[in-house]
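Just data.txt here, compact mmCIF, C-alpha atoms:
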```txt
# COMPACT_ATOMS: atom_id res chain seq x y z
CA MET A 1 -141.03 90.38 -31.95
CA GLY A 2 -140.26 93.85 -30.51
CA VAL A 3 -138.95 94.48 -27.01
CA THR A 4 -142.37 95.40 -25.62
CA LYS A 5 -144.07 92.40 -27.17
CA ARG A 6 -141.37 90.15 -25.81
CA ALA A 7 -141.73 91.67 -22.33
CA ASP A 8 -145.52 91.17 -22.55
CA ALA A 9 -145.03 87.56 -23.56
CA GLN A 10 -142.63 86.90 -20.67
CA ARG A 11 -145.04 88.53 -18.23
CA ASN A 12 -147.90 86.41 -19.57
CA ILE A 13 -145.87 83.21 -19.34
CA ALA A 14 -144.90 83.99 -15.74
CA ALA A 15 -148.54 84.80 -14.87
CA ILE A 16 -149.78 81.57 -16.50
CA LEU A 17 -147.17 79.43 -14.71
CA ALA A 18 -147.98 81.04 -11.34
CA ALA A 19 -151.74 80.64 -11.91
CA ALA A 20 -151.31 77.03 -13.06
CA THR A 21 -149.23 76.19 -9.97
CA GLU A 22 -151.94 77.73 -7.81
CA CYS A 23 -154.91 76.08 -9.58
CA LEU A 24 -153.33 72.62 -9.96
CA SER A 25 -152.26 72.68 -6.28
CA ARG A 26 -155.91 73.24 -5.31
CA ASN A 27 -157.22 70.76 -7.87
CA PRO A 28 -154.95 68.45 -9.93
CA ALA A 29 -157.73 68.26 -12.56
CA ALA A 30 -157.96 72.06 -13.01
CA SER A 31 -158.77 73.02 -16.63
CA THR A 32 -156.86 75.42 -18.88
CA SER A 33 -159.93 77.75 -18.81
CA GLU A 34 -159.70 78.03 -15.02
CA ILE A 35 -155.95 78.63 -15.26
CA ALA A 36 -156.31 81.30 -17.98
CA LYS A 37 -158.98 83.07 -15.86
CA GLU A 38 -156.77 82.96 -12.74
CA ALA A 39 -153.83 84.31 -14.77
CA GLY A 40 -155.96 87.11 -16.20
CA VAL A 41 -155.23 86.13 -19.81
CA GLY A 42 -157.43 84.81 -22.61
CA ARG A 43 -157.41 81.14 -23.60
CA VAL A 44 -155.94 82.05 -26.99
CA THR A 45 -152.97 83.68 -25.22
CA LEU A 46 -152.55 80.64 -22.98
CA TYR A 47 -152.63 78.23 -25.93
CA GLY A 48 -150.21 80.51 -27.80
CA HIS A 49 -147.60 79.76 -25.13
CA PHE A 50 -148.69 76.23 -24.11
CA PRO A 51 -150.36 74.44 -27.06
CA SER A 52 -151.82 71.71 -24.80
CA ARG A 53 -152.74 71.22 -21.15
CA ALA A 54 -150.01 68.55 -20.96
CA GLU A 55 -147.35 71.05 -22.08
CA LEU A 56 -148.52 73.47 -19.41
CA VAL A 57 -148.50 70.79 -16.69
CA ASP A 58 -145.01 69.79 -17.82
CA ALA A 59 -143.76 73.39 -17.60
CA VAL A 60 -145.30 73.82 -14.13
CA PHE A 61 -143.66 70.61 -12.93
CA VAL A 62 -140.27 71.60 -14.42
CA HIS A 63 -140.56 74.90 -12.54
CA ALA A 64 -141.45 73.15 -9.25
CA ILE A 65 -138.42 70.88 -9.61
CA GLU A 66 -136.20 73.93 -10.20
CA VAL A 67 -137.54 75.62 -7.06
CA GLY A 68 -136.97 72.37 -5.20
CA GLU A 69 -133.41 72.08 -6.47
CA GLN A 70 -132.62 75.54 -5.07
CA SER A 71 -133.66 74.34 -1.62
CA LEU A 72 -132.12 70.84 -1.84
CA SER A 73 -128.76 72.20 -3.00
CA GLN A 74 -128.44 73.89 0.40
CA VAL A 75 -128.75 70.66 2.43
CA GLY A 76 -125.41 69.74 3.99
CA LEU A 77 -124.45 66.27 2.81
CA THR A 78 -121.09 65.85 4.57
CA GLY A 79 -120.56 63.97 7.85
CA ASP A 80 -122.32 60.72 8.81
CA PRO A 81 -124.15 59.53 5.64
CA ARG A 82 -127.12 58.38 7.75
CA GLU A 83 -127.57 61.80 9.28
CA ALA A 84 -127.09 63.42 5.86
CA LEU A 85 -129.78 61.11 4.46
CA ALA A 86 -132.13 62.13 7.29
CA ARG A 87 -131.57 65.81 6.44
CA LEU A 88 -132.10 65.16 2.74
CA VAL A 89 -135.33 63.22 3.41
CA GLU A 90 -136.61 66.03 5.65
CA SER A 91 -136.03 68.70 2.96
CA SER A 92 -137.20 66.49 0.10
CA TRP A 93 -140.35 65.62 2.01
CA HIS A 94 -141.28 69.29 2.48
CA LEU A 95 -141.16 69.63 -1.32
CA VAL A 96 -143.10 66.45 -2.05
CA ASP A 97 -145.72 67.51 0.51
CA ARG A 98 -145.94 71.07 -0.87
CA TYR A 99 -146.22 69.88 -4.46
CA ALA A 100 -148.29 66.72 -3.79
CA ALA A 101 -151.27 67.90 -5.88
CA LEU A 102 -148.95 68.96 -8.73
CA LEU A 103 -147.41 65.50 -8.59
CA VAL A 104 -150.88 63.95 -9.01
CA ALA A 105 -151.57 66.28 -11.97
CA ALA A 106 -148.21 65.35 -13.52
CA LEU A 107 -148.69 61.60 -13.02
CA ASP A 108 -152.22 61.84 -14.50
CA THR A 109 -151.20 63.98 -17.47
CA LEU A 110 -147.62 63.35 -18.54
CA PRO A 111 -146.35 60.26 -20.40
CA PRO A 112 -145.13 57.32 -18.27
CA GLY A 113 -141.58 57.90 -17.05
CA ARG A 114 -141.67 61.69 -17.48
CA VAL A 115 -142.11 62.45 -13.73
CA ARG A 116 -139.16 60.25 -12.90
CA GLU A 117 -137.11 61.81 -15.76
CA LEU A 118 -137.77 65.29 -14.30
CA HIS A 119 -136.40 64.02 -10.97
CA ALA A 120 -132.98 63.31 -12.50
CA ASP A 121 -131.18 66.03 -10.50
CA PRO A 122 -132.63 65.23 -7.05
CA MET A 123 -132.07 61.54 -7.73
CA ALA A 124 -128.44 62.12 -8.76
CA ARG A 125 -127.92 63.85 -5.40
CA VAL A 126 -129.37 60.85 -3.53
CA GLU A 127 -127.25 58.49 -5.61
CA LYS A 128 -124.05 60.36 -4.73
CA LEU A 129 -124.85 60.24 -1.02
CA LEU A 130 -125.72 56.54 -1.20
CA GLU A 131 -122.45 55.81 -3.03
CA ARG A 132 -120.50 57.56 -0.28
CA GLY A 133 -122.42 55.70 2.45
CA ARG A 134 -121.71 52.40 0.65
CA SER A 135 -117.99 53.15 0.41
CA GLU A 136 -118.00 53.92 4.16
CA GLY A 137 -119.87 50.67 4.87
CA VAL A 138 -122.96 52.25 6.47
CA PHE A 139 -125.32 51.61 3.52
CA ARG A 140 -125.79 48.21 1.91
CA SER A 141 -123.79 47.27 -1.18
CA ASP A 142 -125.61 44.00 -1.96
CA LEU A 143 -128.29 45.76 -4.04
CA PRO A 144 -127.67 48.18 -6.97
CA VAL A 145 -127.62 51.85 -6.04
CA SER A 146 -130.23 52.56 -8.77
CA TRP A 147 -132.61 50.23 -6.91
CA LEU A 148 -131.97 51.99 -3.58
CA VAL A 149 -132.66 55.37 -5.24
CA SER A 150 -135.93 54.05 -6.66
CA VAL A 151 -136.94 52.73 -3.22
CA MET A 152 -136.44 56.21 -1.76
CA HIS A 153 -138.42 57.78 -4.64
CA ASN A 154 -141.29 55.30 -4.30
CA VAL A 155 -141.50 55.36 -0.50
CA MET A 156 -141.52 59.16 -0.50
CA HIS A 157 -144.10 59.53 -3.25
CA GLY A 158 -146.11 56.71 -1.68
CA ALA A 159 -146.24 58.75 1.52
CA ALA A 160 -147.89 61.59 -0.43
CA GLY A 161 -150.55 59.07 -1.52
CA GLU A 162 -151.06 57.95 2.10
CA ILE A 163 -151.63 61.55 3.16
CA GLN A 164 -154.16 62.13 0.39
CA ALA A 165 -155.97 58.96 1.50
CA GLY A 166 -156.07 60.27 5.09
CA ARG A 167 -153.97 57.40 6.50
CA LEU A 168 -150.94 59.54 7.39
CA SER A 169 -150.43 63.08 8.63
CA SER A 170 -147.97 65.43 7.02
CA GLY A 171 -146.14 65.92 10.33
CA GLU A 172 -145.53 62.16 10.80
CA ALA A 173 -144.33 61.46 7.28
CA ALA A 174 -140.68 62.62 7.31
CA GLY A 175 -139.94 60.59 10.45
CA TYR A 176 -141.59 57.45 9.05
CA ILE A 177 -139.80 57.79 5.71
CA THR A 178 -136.41 58.31 7.37
CA ALA A 179 -136.85 55.38 9.78
CA THR A 180 -137.94 53.12 6.91
CA LEU A 181 -135.14 54.08 4.52
CA LEU A 182 -132.35 53.96 7.12
CA ALA A 183 -133.44 50.40 7.95
CA ALA A 184 -133.93 49.43 4.29
CA PHE A 185 -130.40 50.67 3.45
CA THR A 186 -128.68 48.95 6.42
CA PRO A 187 -126.09 46.36 5.29
CA PRO A 188 -127.18 42.76 6.01
CA GLY A 189 -125.66 41.63 9.31
CA GLU A 190 -125.58 45.16 10.74
CA ARG A 191 -127.95 46.59 13.34
CA VAL A 192 -130.75 49.01 12.37
CA THR A 193 -130.19 52.34 14.15
CA MET B 1 -184.27 38.24 -21.04
CA GLY B 2 -184.64 34.60 -22.13
CA VAL B 3 -182.19 31.85 -21.27
CA THR B 4 -180.46 32.00 -24.65
CA LYS B 5 -180.13 35.78 -24.59
CA ARG B 6 -178.72 35.61 -21.08
CA ALA B 7 -176.21 32.93 -22.13
CA ASP B 8 -175.20 35.08 -25.13
CA ALA B 9 -174.69 38.07 -22.85
CA GLN B 10 -172.54 36.06 -20.46
CA ARG B 11 -170.46 34.70 -23.31
CA ASN B 12 -169.98 38.22 -24.69
CA ILE B 13 -168.95 39.61 -21.30
CA ALA B 14 -166.42 36.79 -20.85
CA ALA B 15 -165.05 37.37 -24.37
CA ILE B 16 -164.79 41.14 -23.80
CA LEU B 17 -162.99 40.70 -20.46
CA ALA B 18 -160.56 38.17 -21.95
CA ALA B 19 -159.90 40.41 -24.97
CA ALA B 20 -159.48 43.50 -22.78
CA THR B 21 -157.00 41.67 -20.54
CA GLU B 22 -155.05 40.63 -23.65
CA CYS B 23 -155.15 44.05 -25.38
CA LEU B 24 -154.39 46.13 -22.26
CA SER B 25 -151.51 43.80 -21.35
CA ARG B 26 -149.98 44.47 -24.77
CA ASN B 27 -150.77 48.20 -24.66
CA PRO B 28 -152.16 49.95 -21.55
CA ALA B 29 -153.66 52.63 -23.84
CA ALA B 30 -155.61 50.09 -25.98
CA SER B 31 -158.93 51.54 -27.20
CA THR B 32 -162.41 50.04 -26.80
CA SER B 33 -162.55 49.61 -30.61
CA GLU B 34 -159.45 47.40 -30.54
CA ILE B 35 -160.87 45.44 -27.62
CA ALA B 36 -164.26 44.94 -29.31
CA LYS B 37 -162.50 43.73 -32.48
CA GLU B 38 -160.30 41.29 -30.51
CA ALA B 39 -163.42 40.01 -28.68
CA GLY B 40 -165.31 39.56 -31.97
CA VAL B 41 -168.21 41.76 -30.85
CA GLY B 42 -169.50 45.12 -32.08
CA ARG B 43 -168.78 48.33 -30.22
CA VAL B 44 -172.49 48.70 -29.42
CA THR B 45 -172.43 45.31 -27.69
CA LEU B 46 -169.29 46.28 -25.76
CA TYR B 47 -170.81 49.58 -24.64
CA GLY B 48 -174.04 47.76 -23.71
CA HIS B 49 -172.07 45.83 -21.07
CA PHE B 50 -169.39 48.43 -20.21
CA PRO B 51 -170.75 51.96 -20.76
CA SER B 52 -167.27 53.52 -20.61
CA ARG B 53 -163.65 52.50 -21.12
CA ALA B 54 -163.06 53.21 -17.42
CA GLU B 55 -165.78 50.72 -16.42
CA LEU B 56 -164.19 48.09 -18.62
CA VAL B 57 -160.69 48.74 -17.21
CA ASP B 58 -162.15 48.54 -13.71
CA ALA B 59 -163.81 45.18 -14.46
CA VAL B 60 -160.59 43.80 -15.97
CA PHE B 61 -158.60 44.91 -12.92
CA VAL B 62 -161.19 43.44 -10.51
CA HIS B 63 -160.89 40.15 -12.41
CA ALA B 64 -157.06 40.22 -12.26
CA ILE B 65 -157.20 40.79 -8.50
CA GLU B 66 -159.58 37.82 -8.13
CA VAL B 67 -157.24 35.57 -10.11
CA GLY B 68 -154.38 36.82 -7.96
CA GLU B 69 -156.27 36.13 -4.75
CA GLN B 70 -156.74 32.50 -5.80
CA SER B 71 -152.98 32.14 -6.06
CA LEU B 72 -152.06 34.20 -2.96
CA SER B 73 -154.51 32.32 -0.77
CA GLN B 74 -152.37 29.20 -1.31
CA VAL B 75 -149.17 30.74 0.08
CA GLY B 76 -148.29 29.20 3.45
CA LEU B 77 -148.05 32.00 6.03
CA THR B 78 -147.20 29.98 9.14
CA GLY B 79 -143.70 29.51 10.58
CA ASP B 80 -141.01 32.23 10.68
CA PRO B 81 -142.77 35.48 9.67
CA ARG B 82 -139.69 36.60 7.69
CA GLU B 83 -139.72 33.44 5.60
CA ALA B 84 -143.50 33.74 5.19
CA LEU B 85 -143.02 37.34 3.99
CA ALA B 86 -140.41 36.18 1.47
CA ARG B 87 -142.89 33.58 0.11
CA LEU B 88 -145.66 36.17 -0.06
CA VAL B 89 -143.42 38.69 -1.87
CA GLU B 90 -142.38 36.00 -4.36
CA SER B 91 -145.98 35.09 -5.22
CA SER B 92 -147.20 38.70 -5.16
CA TRP B 93 -144.37 39.75 -7.43
CA HIS B 94 -145.30 37.16 -10.07
CA LEU B 95 -148.76 38.75 -10.16
CA VAL B 96 -147.54 42.37 -10.24
CA ASP B 97 -145.11 41.42 -13.02
CA ARG B 98 -147.76 39.51 -15.01
CA TYR B 99 -150.29 42.34 -14.69
CA ALA B 100 -147.83 45.28 -14.88
CA ALA B 101 -149.36 46.73 -18.05
CA LEU B 102 -152.89 46.36 -16.61
CA LEU B 103 -151.68 48.20 -13.53
CA VAL B 104 -150.49 51.08 -15.74
CA ALA B 105 -153.88 51.12 -17.54
CA ALA B 106 -155.70 51.13 -14.18
CA LEU B 107 -153.52 53.90 -12.69
CA ASP B 108 -154.01 56.00 -15.86
CA THR B 109 -157.76 55.43 -16.10
CA LEU B 110 -159.33 54.86 -12.69
CA PRO B 111 -159.96 57.56 -10.06
CA PRO B 112 -157.16 58.18 -7.51
CA GLY B 113 -157.27 55.61 -4.72
CA ARG B 114 -159.23 53.01 -6.73
CA VAL B 115 -156.21 50.77 -7.46
CA ARG B 116 -155.29 50.73 -3.78
CA GLU B 117 -158.97 50.08 -2.84
CA LEU B 118 -159.02 47.05 -5.13
CA HIS B 119 -155.94 45.72 -3.30
CA ALA B 120 -157.84 45.54 0.00
CA ASP B 121 -157.73 41.72 0.20
CA PRO B 122 -154.03 41.23 -0.62
CA MET B 123 -153.16 44.11 1.71
CA ALA B 124 -155.23 42.61 4.55
CA ARG B 125 -153.21 39.40 4.16
CA VAL B 126 -149.93 41.34 4.43
CA GLU B 127 -151.25 43.25 7.44
CA LYS B 128 -152.13 40.04 9.27
CA LEU B 129 -148.66 38.60 8.68
CA LEU B 130 -146.99 41.85 9.77
CA GLU B 131 -149.10 41.91 12.96
CA ARG B 132 -147.99 38.38 13.79
CA GLY B 133 -144.34 39.24 13.08
CA ARG B 134 -144.63 42.29 15.34
CA SER B 135 -146.12 40.26 18.16
CA GLU B 136 -143.21 37.80 17.81
CA GLY B 137 -140.71 40.70 17.83
CA VAL B 138 -139.24 40.02 14.38
CA PHE B 139 -140.89 43.01 12.64
CA ARG B 140 -140.69 46.58 13.90
CA SER B 141 -143.48 47.98 16.10
CA ASP B 142 -142.30 51.61 16.16
CA LEU B 143 -144.15 52.48 12.94
CA PRO B 144 -147.89 51.87 12.23
CA VAL B 145 -148.68 48.62 10.46
CA SER B 146 -150.68 50.59 7.83
CA TRP B 147 -147.45 52.42 6.95
CA LEU B 148 -145.50 49.15 6.62
CA VAL B 149 -148.22 47.75 4.33
CA SER B 150 -148.04 50.87 2.15
CA VAL B 151 -144.23 50.56 1.97
CA MET B 152 -144.59 47.01 0.64
CA HIS B 153 -147.25 48.12 -1.86
CA ASN B 154 -145.15 51.06 -3.10
CA VAL B 155 -141.83 49.20 -3.28
CA MET B 156 -143.47 46.35 -5.20
CA HIS B 157 -145.35 48.56 -7.65
CA GLY B 158 -142.27 50.76 -7.95
CA ALA B 159 -140.33 47.68 -9.08
CA ALA B 160 -142.82 47.24 -11.94
CA GLY B 161 -142.00 50.82 -12.99
CA GLU B 162 -138.26 50.08 -12.82
CA ILE B 163 -138.75 47.10 -15.12
CA GLN B 164 -140.74 49.14 -17.63
CA ALA B 165 -137.96 51.74 -17.58
CA GLY B 166 -135.40 49.00 -18.30
CA ARG B 167 -133.47 49.54 -15.06
CA LEU B 168 -134.42 46.18 -13.49
CA SER B 169 -134.98 42.67 -14.82
CA SER B 170 -138.02 40.66 -13.88
CA GLY B 171 -135.84 37.85 -12.51
CA GLU B 172 -133.97 40.15 -10.10
CA ALA B 173 -137.01 41.95 -8.74
CA ALA B 174 -138.42 39.47 -6.17
CA GLY B 175 -135.03 39.10 -4.46
CA TYR B 176 -134.45 42.86 -4.34
CA ILE B 177 -137.95 43.53 -2.99
CA THR B 178 -137.61 40.84 -0.31
CA ALA B 179 -134.15 42.02 0.81
CA THR B 180 -135.37 45.62 0.96
CA LEU B 181 -138.57 44.89 2.88
CA LEU B 182 -136.99 42.48 5.39
CA ALA B 183 -134.45 45.21 6.23
CA ALA B 184 -137.08 47.98 6.29
CA PHE B 185 -139.25 45.93 8.69
CA THR B 186 -136.38 44.98 11.07
CA PRO B 187 -136.90 46.39 14.61
CA PRO B 188 -134.44 49.20 15.47
CA GLY B 189 -131.47 47.75 17.37
CA GLU B 190 -131.79 44.35 15.67
CA ARG B 191 -129.56 43.00 12.92
CA VAL B 192 -130.73 42.86 9.30
CA THR B 193 -130.76 39.24 8.14
```
Write out the structure in this file as structure tokens.
Amino acid sequence: MGVTKRADAQRNIAAILAAATECLSRNPAASTSEIAKEAGVGRVTLYGHFPSRAELVDAVFVHAIEVGEQSLSQVGLTGDPREALARLVESSWHLVDRYAALLVAALDTLPPGRVRELHADPMARVEKLLERGRSEGVFRSDLPVSWLVSVMHNVMHGAAGEIQAGRLSSGEAAGYITATLLAAFTPPGERVT
Amino acid sequence: MGVTKRADAQRNIAAILAAATECLSRNPAASTSEIAKEAGVGRVTLYGHFPSRAELVDAVFVHAIEVGEQSLSQVGLTGDPREALARLVESSWHLVDRYAALLVAALDTLPPGRVRELHADPMARVEKLLERGRSEGVFRSDLPVSWLVSVMHNVMHGAAGEIQAGRLSSGEAAGYITATLLAAFTPPGERVT
């Protein structure tokens, strides 16, 4: 492939990913035809880069996670582990809220376990903070850290479902999630803050 | 329809539901052809009763919830609300665990919100117990009860996902869920038991 062709291909891929993010955020069931139209490319071009809708959804979700990682890597995680957890929940929640429709598309389209697999980096960050909080005695050590990480993942993603069902507002969610997790992670015998 | 034809139809429906429960529990992606074969009926007969795979999955899930309600309605919910919650989690978990593959099939197949909608009865039972615990001061009142119910729902269904991913054993789950929820529901300022 020549330089120009390669540049064209990269431009098309970027346009398709941007259009797919846009379309799937409006409607998690958006079709590849809609996405190709929004990107200003033909369906043959789209399928040339993403042979199936699932591969496109996967690429869009991978990209969203990368964008999220750029923002999460800037959250300060030193100091009181409880306050660090509150900051991490706040930033993570903004991402989950922003990408809620993409999350629905990914859960509907990708194989079981894939969404969780793509969360490996954000979950490793949570795990590290929980480990530190456990060693300092402010988070519980009677349950495995992998379980505590999954509780955070499920409570946070569950909140996105509550918003879509109209039972929770986006502004309330971060506070509810933080209050719930700080209590859930409190060592038995200690007071909930 | 004569008496015999009606009896035949009822027998076929029962056979299809039993076969679908069996097949979907083995493989959440089981096809209607496999289910018809297992039920010993033709595909035309199956489609005569359940015009789409989604309608069949819905009927199977409705039936599983009914079976579950028979068992949950026998859980004693009087006395200490925390102990009552532990009993309810234990019984609910057996059902979630037993029907985990059906849950995956339902989440993959039914429209968003339908699985939660079908949990209205079990969730109303949880809500009632949480309300009583709040009025007795043993469960937190600073977050809406609808949020606490969703936390229980998401932590419990999340545990089913952890088991499928091989990160949790079925025997550990009820204890982990109970310990997590009792802490999460503890009023701020009080000690986690």
Would you tabulate, counting all atoms listed in the file, all residues of chain B that have an atom at most 8 Å from an atom of chain A, showing the closest pair of atoms and their distance in Å to one decimal, sorted by chain then ascending number, as JSON lines?
```
{"residue": "B:Asp108", "atom": "CA", "partner": "A:Asp108", "partner_atom": "CA", "distance": 6.3}
{"residue": "B:Gly113", "atom": "CA", "partner": "A:Ala165", "partner_atom": "CA", "distance": 7.2}
{"residue": "B:Leu143", "atom": "CA", "partner": "A:Tyr176", "partner_atom": "CA", "distance": 6.8}
{"residue": "B:Ser146", "atom": "CA", "partner": "A:Arg167", "partner_atom": "CA", "distance": 7.7}
{"residue": "B:Trp147", "atom": "CA", "partner": "A:Leu168", "partner_atom": "CA", "distance": 7.9}
{"residue": "B:Ser150", "atom": "CA", "partner": "A:Gly158", "partner_atom": "CA", "distance": 7.2}
{"residue": "B:Val151", "atom": "CA", "partner": "A:Val155", "partner_atom": "CA", "distance": 6.0}
{"residue": "B:Asn154", "atom": "CA", "partner": "A:Asn154", "partner_atom": "CA", "distance": 5.9}
{"residue": "B:Val155", "atom": "CA", "partner": "A:Val151", "partner_atom": "CA", "distance": 6.0}
{"residue": "B:Gly158", "atom": "CA", "partner": "A:Asn154", "partner_atom": "CA", "distance": 5.9}
{"residue": "B:Glu162", "atom": "CA", "partner": "A:Ser150", "partner_atom": "CA", "distance": 7.7}
{"residue": "B:Ala165", "atom": "CA", "partner": "A:Gly113", "partner_atom": "CA", "distance": 7.2}
{"residue": "B:Arg167", "atom": "CA", "partner": "A:Ser146", "partner_atom": "CA", "distance": 7.7}
{"residue": "B:Leu168", "atom": "CA", "partner": "A:Trp147", "partner_atom": "CA", "distance": 7.9}
{"residue": "B:Tyr176", "atom": "CA", "partner": "A:Leu143", "partner_atom": "CA", "distance": 6.8}
{"residue": "B:Thr180", "atom": "CA", "partner": "A:Ala184", "partner_atom": "CA", "distance": 5.3}
{"residue": "B:Leu181", "atom": "CA", "partner": "A:Ala184", "partner_atom": "CA", "distance": 6.6}
{"residue": "B:Leu182", "atom": "CA", "partner": "A:Ala184", "partner_atom": "CA", "distance": 7.7}
{"residue": "B:Ala183", "atom": "CA", "partner": "A:Ala184", "partner_atom": "CA", "distance": 4.7}
{"residue": "B:Ala184", "atom": "CA", "partner": "A:Ala184", "partner_atom": "CA", "distance": 4.0}
{"residue": "B:Phe185", "atom": "CA", "partner": "A:Ala183", "partner_atom": "CA", "distance": 7.4}
{"residue": "B:Thr186", "atom": "CA", "partner": "A:Ala183", "partner_atom": "CA", "distance": 6.9}
{"residue": "B:Pro187", "atom": "CA", "partner": "A:Val192", "partner_atom": "CA", "distance": 7.1}
{"residue": "B:Pro188", "atom": "CA", "partner": "A:Val192", "partner_atom": "CA", "distance": 4.8}
{"residue": "B:Gly189", "atom": "CA", "partner": "A:Val192", "partner_atom": "CA", "distance": 5.2}
{"residue": "B:Glu190", "atom": "CA", "partner": "A:Arg191", "partner_atom": "CA", "distance": 5.0}
{"residue": "B:Arg191", "atom": "CA", "partner": "A:Arg191", "partner_atom": "CA", "distance": 4.0}
{"residue": "B:Val192", "atom": "CA", "partner": "A:Pro188", "partner_atom": "CA", "distance": 4.8}
{"residue": "B:Thr193", "atom": "CA", "partner": "A:Pro188", "partner_atom": "CA", "distance": 5.5}
```
Quick one: which stretch 71-177 of chain A residues come within 8 Å of stretch 18-24 of chain A, and what is the nearest atom pair for each with the distance in Å to one decimal, counting all atoms listed in the file, rows ordered by chain and ascending number, as a Markdown table?
```
| residue | atom | partner | partner_atom | distance |
| --- | --- | --- | --- | --- |
| A:Ala101 | CA | A:Leu24 | CA | 6.6 |
| A:Leu102 | CA | A:Leu24 | CA | 5.8 |
| A:Ala105 | CA | A:Leu24 | CA | 6.9 |
```
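The space separating atom CA of B:Lys37 from atom CA of B:Leu17 comes to 12.4 Å.
Among the candidates A:Gly76, A:Asp8, A:Ala29, A:Phe61, the one nearest to A:His49 when counting only C-alpha atoms is A:Asp8.
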Practice problem: Give as a count of residues only every residue, naming chains and numbers as the document does, that has an atom within 12 Å of (-153.1, 80.5, -14.3), counting all atoms listed in the file. | Solution: 37
Using 4 Å of padding on each side, determine the axis-aligned box around all atoms of stretch 29-35 of chain B present in the file and give its centre and edge lengths in Å to one decimal, as lines of an AutoDock Vina configuration file.
```
center_x = -158.1
center_y = 49.0
center_z = -27.2
size_x = 16.9
size_y = 15.2
size_z = 14.8
```
Quiz item: For A:Glu83, which of A:Ile65, A:Leu130, A:Val149, A:Ser71 is the closest residue, counting all atoms listed in the file?
Solution: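 Checking each candidate against A:Glu83, we get A:Leu130 as the closest.
One distance worth recording is that between atom CA of B:Arg114 and atom CA of B:Glu90, which is 24.1 Å.
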Cut-off 10 Å around (-147.1, 36.5, 12.6) with all atoms listed in the file: residues as a compact mmCIF listing (two decimals) with C-alpha atoms, in the frame of the given file:
```txt
# COMPACT_ATOMS: atom_id res chain seq x y z
CA LEU B 77 -148.05 32.00 6.03
CA THR B 78 -147.20 29.98 9.14
CA GLY B 79 -143.70 29.51 10.58
CA ASP B 80 -141.01 32.23 10.68
CA PRO B 81 -142.77 35.48 9.67
CA ARG B 82 -139.69 36.60 7.69
CA ALA B 84 -143.50 33.74 5.19
CA LEU B 85 -143.02 37.34 3.99
CA VAL B 126 -149.93 41.34 4.43
CA GLU B 127 -151.25 43.25 7.44
CA LYS B 128 -152.13 40.04 9.27
CA LEU B 129 -148.66 38.60 8.68
CA LEU B 130 -146.99 41.85 9.77
CA GLU B 131 -149.10 41.91 12.96
CA ARG B 132 -147.99 38.38 13.79
CA GLY B 133 -144.34 39.24 13.08
CA ARG B 134 -144.63 42.29 15.34
CA SER B 135 -146.12 40.26 18.16
CA GLU B 136 -143.21 37.80 17.81
CA GLY B 137 -140.71 40.70 17.83
CA VAL B 138 -139.24 40.02 14.38
CA PHE B 139 -140.89 43.01 12.64
```
Quiz prompt | Length of the atom CA of A:His119 to atom CA of A:Asp97 vector [Å] | solution =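 If I compute the distance from atom CA of A:His119 to atom CA of A:Asp97, I get 15.2 Å.
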